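Text of my_file_39.cif (mmCIF, C-alpha atoms) as supplied:
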```cif
data_model
loop_
_atom_site.label_atom_id
_atom_site.label_comp_id
_atom_site.auth_asym_id
_atom_site.auth_seq_id
_atom_site.Cartn_x
_atom_site.Cartn_y
_atom_site.Cartn_z
CA MET A 726 71.90 -14.01 -147.12
CA ARG A 727 75.49 -15.03 -146.54
CA ILE A 728 76.71 -14.61 -142.96
CA LEU A 729 80.27 -15.00 -141.76
CA ALA A 730 80.12 -15.97 -138.08
CA ILE A 731 83.24 -15.44 -135.99
CA SER A 732 84.21 -15.17 -132.34
CA ASP A 733 87.17 -14.77 -129.99
CA ILE A 734 89.69 -12.87 -132.10
CA HIS A 735 91.85 -12.08 -129.05
CA SER A 736 93.99 -9.50 -130.90
CA ASN A 737 94.95 -11.80 -133.81
CA ILE A 738 94.50 -9.23 -136.57
CA ASN A 739 96.36 -11.39 -139.07
CA LYS A 740 93.49 -13.89 -139.10
CA VAL A 741 91.04 -11.04 -139.67
CA ARG A 742 93.10 -9.80 -142.61
CA ALA A 743 93.12 -13.31 -144.03
CA LEU A 744 89.30 -13.40 -143.80
CA ARG A 745 89.09 -10.09 -145.63
CA ARG A 746 91.28 -11.37 -148.45
CA ARG A 747 89.19 -14.52 -148.76
CA PHE A 748 85.65 -13.16 -148.42
CA ASN A 749 85.74 -9.52 -149.54
CA GLY A 750 82.73 -8.98 -151.80
CA GLU A 751 81.21 -12.39 -151.07
CA ILE A 752 79.60 -11.78 -147.66
CA ASP A 753 76.46 -9.83 -146.73
CA LEU A 754 77.00 -9.75 -142.98
CA VAL A 755 79.79 -10.42 -140.48
CA VAL A 756 78.53 -11.49 -137.05
CA PHE A 757 81.16 -11.30 -134.34
CA SER A 758 80.41 -12.86 -130.95
CA GLY A 759 82.98 -11.02 -128.85
CA ASP A 760 86.45 -10.94 -127.29
CA ILE A 761 88.11 -8.65 -129.83
CA THR A 762 91.37 -8.20 -127.89
CA ASN A 763 93.26 -9.66 -124.94
CA GLU A 764 94.36 -6.39 -123.38
CA CYS A 765 91.38 -4.13 -124.13
CA SER A 766 93.49 -2.06 -126.51
CA ILE A 767 91.35 0.53 -128.25
CA GLU A 768 93.87 0.92 -131.07
CA VAL A 769 93.99 -2.82 -131.77
CA ALA A 770 90.19 -3.00 -131.63
CA LYS A 771 89.90 -0.09 -134.10
CA ASP A 772 92.29 -1.80 -136.51
CA ILE A 773 90.34 -5.06 -136.31
CA LEU A 774 86.99 -3.33 -136.92
CA LYS A 775 88.50 -1.59 -139.93
CA GLU A 776 89.58 -4.96 -141.37
CA LEU A 777 86.09 -6.38 -140.75
CA SER A 778 84.40 -3.55 -142.64
CA PHE A 779 84.30 -5.46 -145.92
CA ALA A 780 80.63 -6.21 -145.07
CA LYS A 781 77.91 -5.05 -142.72
CA VAL A 782 79.00 -5.90 -139.15
CA PHE A 783 77.10 -6.81 -135.96
CA VAL A 784 79.16 -7.21 -132.76
CA VAL A 785 78.46 -8.21 -129.17
CA PRO A 786 81.18 -7.80 -126.54
CA GLY A 787 82.84 -10.77 -124.91
CA ASN A 788 83.87 -11.25 -121.30
CA MET A 789 87.33 -9.82 -122.16
CA ASP A 790 85.89 -6.61 -123.65
CA ASP A 791 85.61 -3.75 -121.16
CA GLU A 792 83.38 -0.68 -121.17
CA LEU A 793 85.82 1.28 -123.36
CA ILE A 794 85.65 -1.43 -126.00
CA LEU A 795 81.86 -1.50 -125.72
CA ASN A 796 81.79 2.27 -126.21
CA LEU A 797 83.96 1.86 -129.30
CA PHE A 798 81.48 -0.65 -130.74
CA GLU A 799 78.72 1.90 -130.15
CA LYS A 800 80.70 4.72 -131.73
CA GLU A 801 81.49 2.64 -134.81
CA GLY A 802 77.81 1.72 -135.23
CA VAL A 803 78.34 -2.04 -135.01
CA CYS A 804 77.14 -2.79 -131.47
CA LEU A 805 74.29 -5.29 -131.06
CA HIS A 806 74.58 -5.66 -127.27
CA LYS A 807 71.16 -5.50 -125.57
CA LYS A 808 69.59 -4.46 -128.88
CA VAL A 809 67.53 -5.80 -131.72
CA GLU A 810 68.37 -4.81 -135.29
CA SER A 811 66.81 -5.70 -138.63
CA TYR A 812 68.80 -6.75 -141.66
CA ASN A 813 67.70 -8.30 -144.94
CA GLY A 814 64.31 -9.31 -143.57
CA TYR A 815 65.67 -10.91 -140.37
CA SER A 816 65.80 -9.70 -136.76
CA PHE A 817 69.07 -9.94 -134.83
CA ILE A 818 69.08 -9.92 -131.03
CA GLY A 819 72.42 -9.35 -129.31
CA LEU A 820 73.62 -10.07 -125.79
CA GLY A 821 77.29 -9.98 -124.80
CA GLY A 822 79.29 -10.78 -121.68
CA ALA A 823 79.46 -14.00 -119.67
CA LYS A 824 78.69 -15.44 -116.26
CA PRO A 825 81.47 -14.34 -113.89
CA ILE A 826 83.66 -17.30 -112.94
CA ASN A 827 86.92 -15.48 -112.30
CA THR A 828 88.27 -11.97 -111.75
CA LEU A 829 89.76 -11.76 -115.25
CA TYR A 830 86.34 -11.11 -116.78
CA LYS A 831 85.77 -7.53 -117.90
CA LEU A 832 82.08 -7.76 -118.81
CA ASN A 833 79.71 -9.96 -116.84
CA LEU A 834 76.21 -11.15 -117.66
CA SER A 835 73.96 -12.66 -115.01
CA GLU A 836 71.23 -15.20 -115.67
CA LEU A 837 68.59 -12.69 -114.54
CA GLU A 838 69.96 -10.06 -116.91
CA ALA A 839 69.92 -12.53 -119.79
CA LYS A 840 66.32 -13.48 -119.02
CA LYS A 841 65.23 -9.84 -118.83
CA TYR A 842 66.75 -8.72 -122.12
CA LEU A 843 65.89 -11.81 -124.16
CA LYS A 844 62.25 -11.46 -123.15
CA LYS A 845 62.22 -7.72 -123.79
CA LEU A 846 64.01 -7.75 -127.13
CA SER A 847 62.03 -10.64 -128.62
CA LEU A 848 58.59 -9.09 -128.11
CA GLY A 849 56.64 -9.02 -131.35
CA LEU A 850 59.31 -10.79 -133.39
CA ASP A 851 58.80 -13.72 -135.74
CA SER A 852 60.88 -16.52 -134.24
CA LYS A 853 61.44 -18.09 -137.65
CA LYS A 854 63.09 -14.87 -138.81
CA THR A 855 65.10 -14.20 -135.63
CA ILE A 856 68.82 -14.80 -135.10
CA ILE A 857 70.33 -14.55 -131.62
CA VAL A 858 73.94 -13.37 -131.24
CA THR A 859 75.58 -13.97 -127.86
CA HIS A 860 79.05 -14.42 -126.44
CA SER A 861 77.95 -17.14 -124.04
CA PRO A 862 76.45 -20.34 -125.49
CA PRO A 863 73.24 -21.95 -124.25
CA TYR A 864 73.60 -24.28 -121.28
CA ASN A 865 73.95 -28.06 -121.60
CA THR A 866 74.91 -28.23 -125.25
CA ARG A 867 77.85 -29.57 -127.20
CA ILE A 868 79.09 -25.99 -127.57
CA SER A 869 79.02 -24.97 -123.90
CA LYS A 870 81.41 -27.35 -122.11
CA THR A 871 85.13 -27.08 -121.47
CA TYR A 872 87.57 -29.97 -121.74
CA SER A 873 87.15 -30.47 -117.98
CA ASN A 874 83.36 -30.66 -118.47
CA VAL A 875 82.62 -27.29 -116.87
CA ASP A 876 79.49 -25.87 -118.46
CA LEU A 877 79.91 -22.16 -119.25
CA GLY A 878 76.50 -21.84 -120.90
CA LEU A 879 73.57 -19.71 -119.81
CA LYS A 880 70.55 -21.57 -118.46
CA GLU A 881 68.23 -18.67 -119.23
CA LEU A 882 69.44 -18.60 -122.83
CA ARG A 883 68.64 -22.27 -123.20
CA SER A 884 65.20 -21.76 -121.63
CA PHE A 885 64.50 -18.88 -124.00
CA ILE A 886 65.53 -20.96 -127.01
CA GLU A 887 63.34 -23.87 -125.92
CA ASN A 888 60.30 -21.61 -125.73
CA PHE A 889 60.89 -19.08 -128.51
CA GLN A 890 62.66 -21.33 -131.04
CA PRO A 891 64.68 -18.72 -132.96
CA LEU A 892 66.10 -19.71 -136.31
CA VAL A 893 69.79 -19.62 -135.30
CA VAL A 894 71.90 -18.84 -132.25
CA LEU A 895 75.51 -17.73 -132.82
CA SER A 896 77.88 -17.69 -129.83
CA GLY A 897 81.50 -18.29 -128.83
CA HIS A 898 83.37 -18.06 -125.50
CA VAL A 899 84.20 -21.77 -125.07
CA HIS A 900 87.19 -22.13 -127.36
CA GLU A 901 87.38 -25.92 -127.22
CA ALA A 902 83.66 -26.40 -127.94
CA LYS A 903 83.65 -25.48 -131.62
CA GLY A 904 80.68 -27.03 -133.38
CA PHE A 905 76.91 -26.97 -133.36
CA ASP A 906 73.92 -28.40 -131.54
CA ASN A 907 70.16 -28.28 -131.86
CA ILE A 908 67.62 -27.18 -129.29
CA GLY A 909 64.35 -28.16 -130.86
CA LYS A 910 64.36 -26.61 -134.32
CA THR A 911 66.96 -24.01 -133.39
CA ILE A 912 70.51 -24.39 -134.71
CA CYS A 913 73.12 -23.29 -132.15
CA ILE A 914 76.62 -22.63 -133.52
CA ASN A 915 79.99 -21.91 -131.93
CA PRO A 916 82.35 -21.18 -134.85
CA GLY A 917 85.42 -21.63 -132.65
CA PRO A 918 88.03 -18.95 -131.94
CA LEU A 919 89.14 -16.91 -134.93
CA LYS A 920 92.50 -16.44 -133.19
CA ASP A 921 93.16 -20.03 -134.29
CA GLY A 922 91.62 -19.47 -137.75
CA ASN A 923 88.11 -20.81 -137.13
CA PHE A 924 84.96 -19.42 -138.73
CA CYS A 925 81.51 -20.54 -139.87
CA LEU A 926 79.81 -19.58 -143.13
CA LEU A 927 76.01 -19.57 -143.22
CA ASN A 928 73.62 -19.32 -146.15
CA ILE A 929 70.14 -18.36 -144.95
CA SER A 930 67.09 -18.16 -147.19
CA ASP A 931 63.45 -19.22 -147.32
CA LYS A 932 64.74 -22.67 -148.24
CA GLY A 933 66.46 -23.06 -144.87
CA VAL A 934 69.80 -22.64 -143.12
CA PHE A 935 72.92 -24.17 -144.60
CA PHE A 936 76.24 -23.79 -142.83
CA GLU A 937 79.81 -25.05 -142.90
CA SER A 938 82.78 -24.50 -140.65
CA GLY A 939 86.11 -23.38 -142.03
CA LEU A 940 89.72 -22.73 -141.14
CA ILE A 941 91.75 -19.77 -142.33
CA GLU A 942 95.53 -19.94 -142.47
#
```
Before anything else, please render the file you have as structure tokens.
Amino acid sequence: MRILAISDIHSNINKVRALRRRFNGEIDLVVFSGDITNECSIEVAKDILKELSFAKVFVVPGNMDDELILNLFEKEGVCLHKKVESYNGYSFIGLGGAKPINTLYKLNLSELEAKKYLKKLSLGLDSKKTIIVTHSPPYNTRISKTYSNVDLGLKELRSFIENFQPLVVLSGHVHEAKGFDNIGKTICINPGPLKDGNFCLLNISDKGVFFESGLIE
């Protein structure tokens, strides 16, 4: 299974169009970890989702995505927020939003809420066949800290990963923390903001997980 992992588009539809030109017909699944626009424009969000439709799409909302955007994701049948979906033999758990640190956030996610839904959604799943999709990264990782060393990660997400050991965790939110880290056997990836051209391509099979970051012009 070939997965294109992206996050933080922030209205830059030109980068999405460039992805479509490059990967159309070559990708099984697009996983988008939130922040589709800057201004919560429904029309811009619709145009972006249309450009992403060159493959199956799973989306969680980011902290800049309001309830209207979340409702659009639901209407378009791409929303993974607070859900578990199956695809190609793997289970995908989604959880959007972020811990509130300023009044600009449109969609918040508390630690208690994260704990509740991760526990609920993972019941009965095979951890080795489970992929977690979040906007916020796990706490205390190379993908959770800002340039000023503020950790924007979720402690409950990290605790869940330590205990459940899912195959992969895909997140975003912290633009400057593009990269990956490991929590036990779990690979945690922040592809970096697509608004600047960043993406990550994953190949997942019974042989393992192989991934590489990329940059689109």
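The two atoms in question, atom CA of A:Ala743 and atom CA of A:Leu919, are spaced 10.6 Å apart.
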Distance atom CA of A:Phe924-atom CA of A:Glu751, one decimal place?
-> 14.7 Å
Counting only C-alpha atoms, closest pick from A:Glu887, A:Asp921, A:Glu810, A:Glu881 relative to A:Lys841 is A:Glu881
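The two atoms in question, atom CA of A:Leu829 and atom CA of A:Asp760, are spaced 12.5 Å apart.
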Please provide as a VMD selection string all residues within 9 Å of A:Thr762, with the sequence filter that same-chain residues fewer than 4 positions apart are discarded (counting all atoms listed in the file).
-> chain A and resid 733 to 737 766 to 767 769 to 770 789 to 790
Compare A:Ala902, A:Leu820, A:Val803, A:Leu793 by their minimum atom-to-atom distance to A:Lys840, counting only C-alpha atoms, and give me the closest one.
-> A:Leu820
Protein/DNA/RNA residues near (80.9, -11.7, -117.7), cut 6 Å, all atoms listed in the file, as an MDAnalysis selection string = chainID A and resid 788 822:825 830 832:834
Starting from the displayed file, determine the output of the PyMOL selection byres ((chain A and resi 856) around 9) and express the residue list as a PyMOL selection string.
-> chain A and resi 815-819+852-855+857-858+891-895
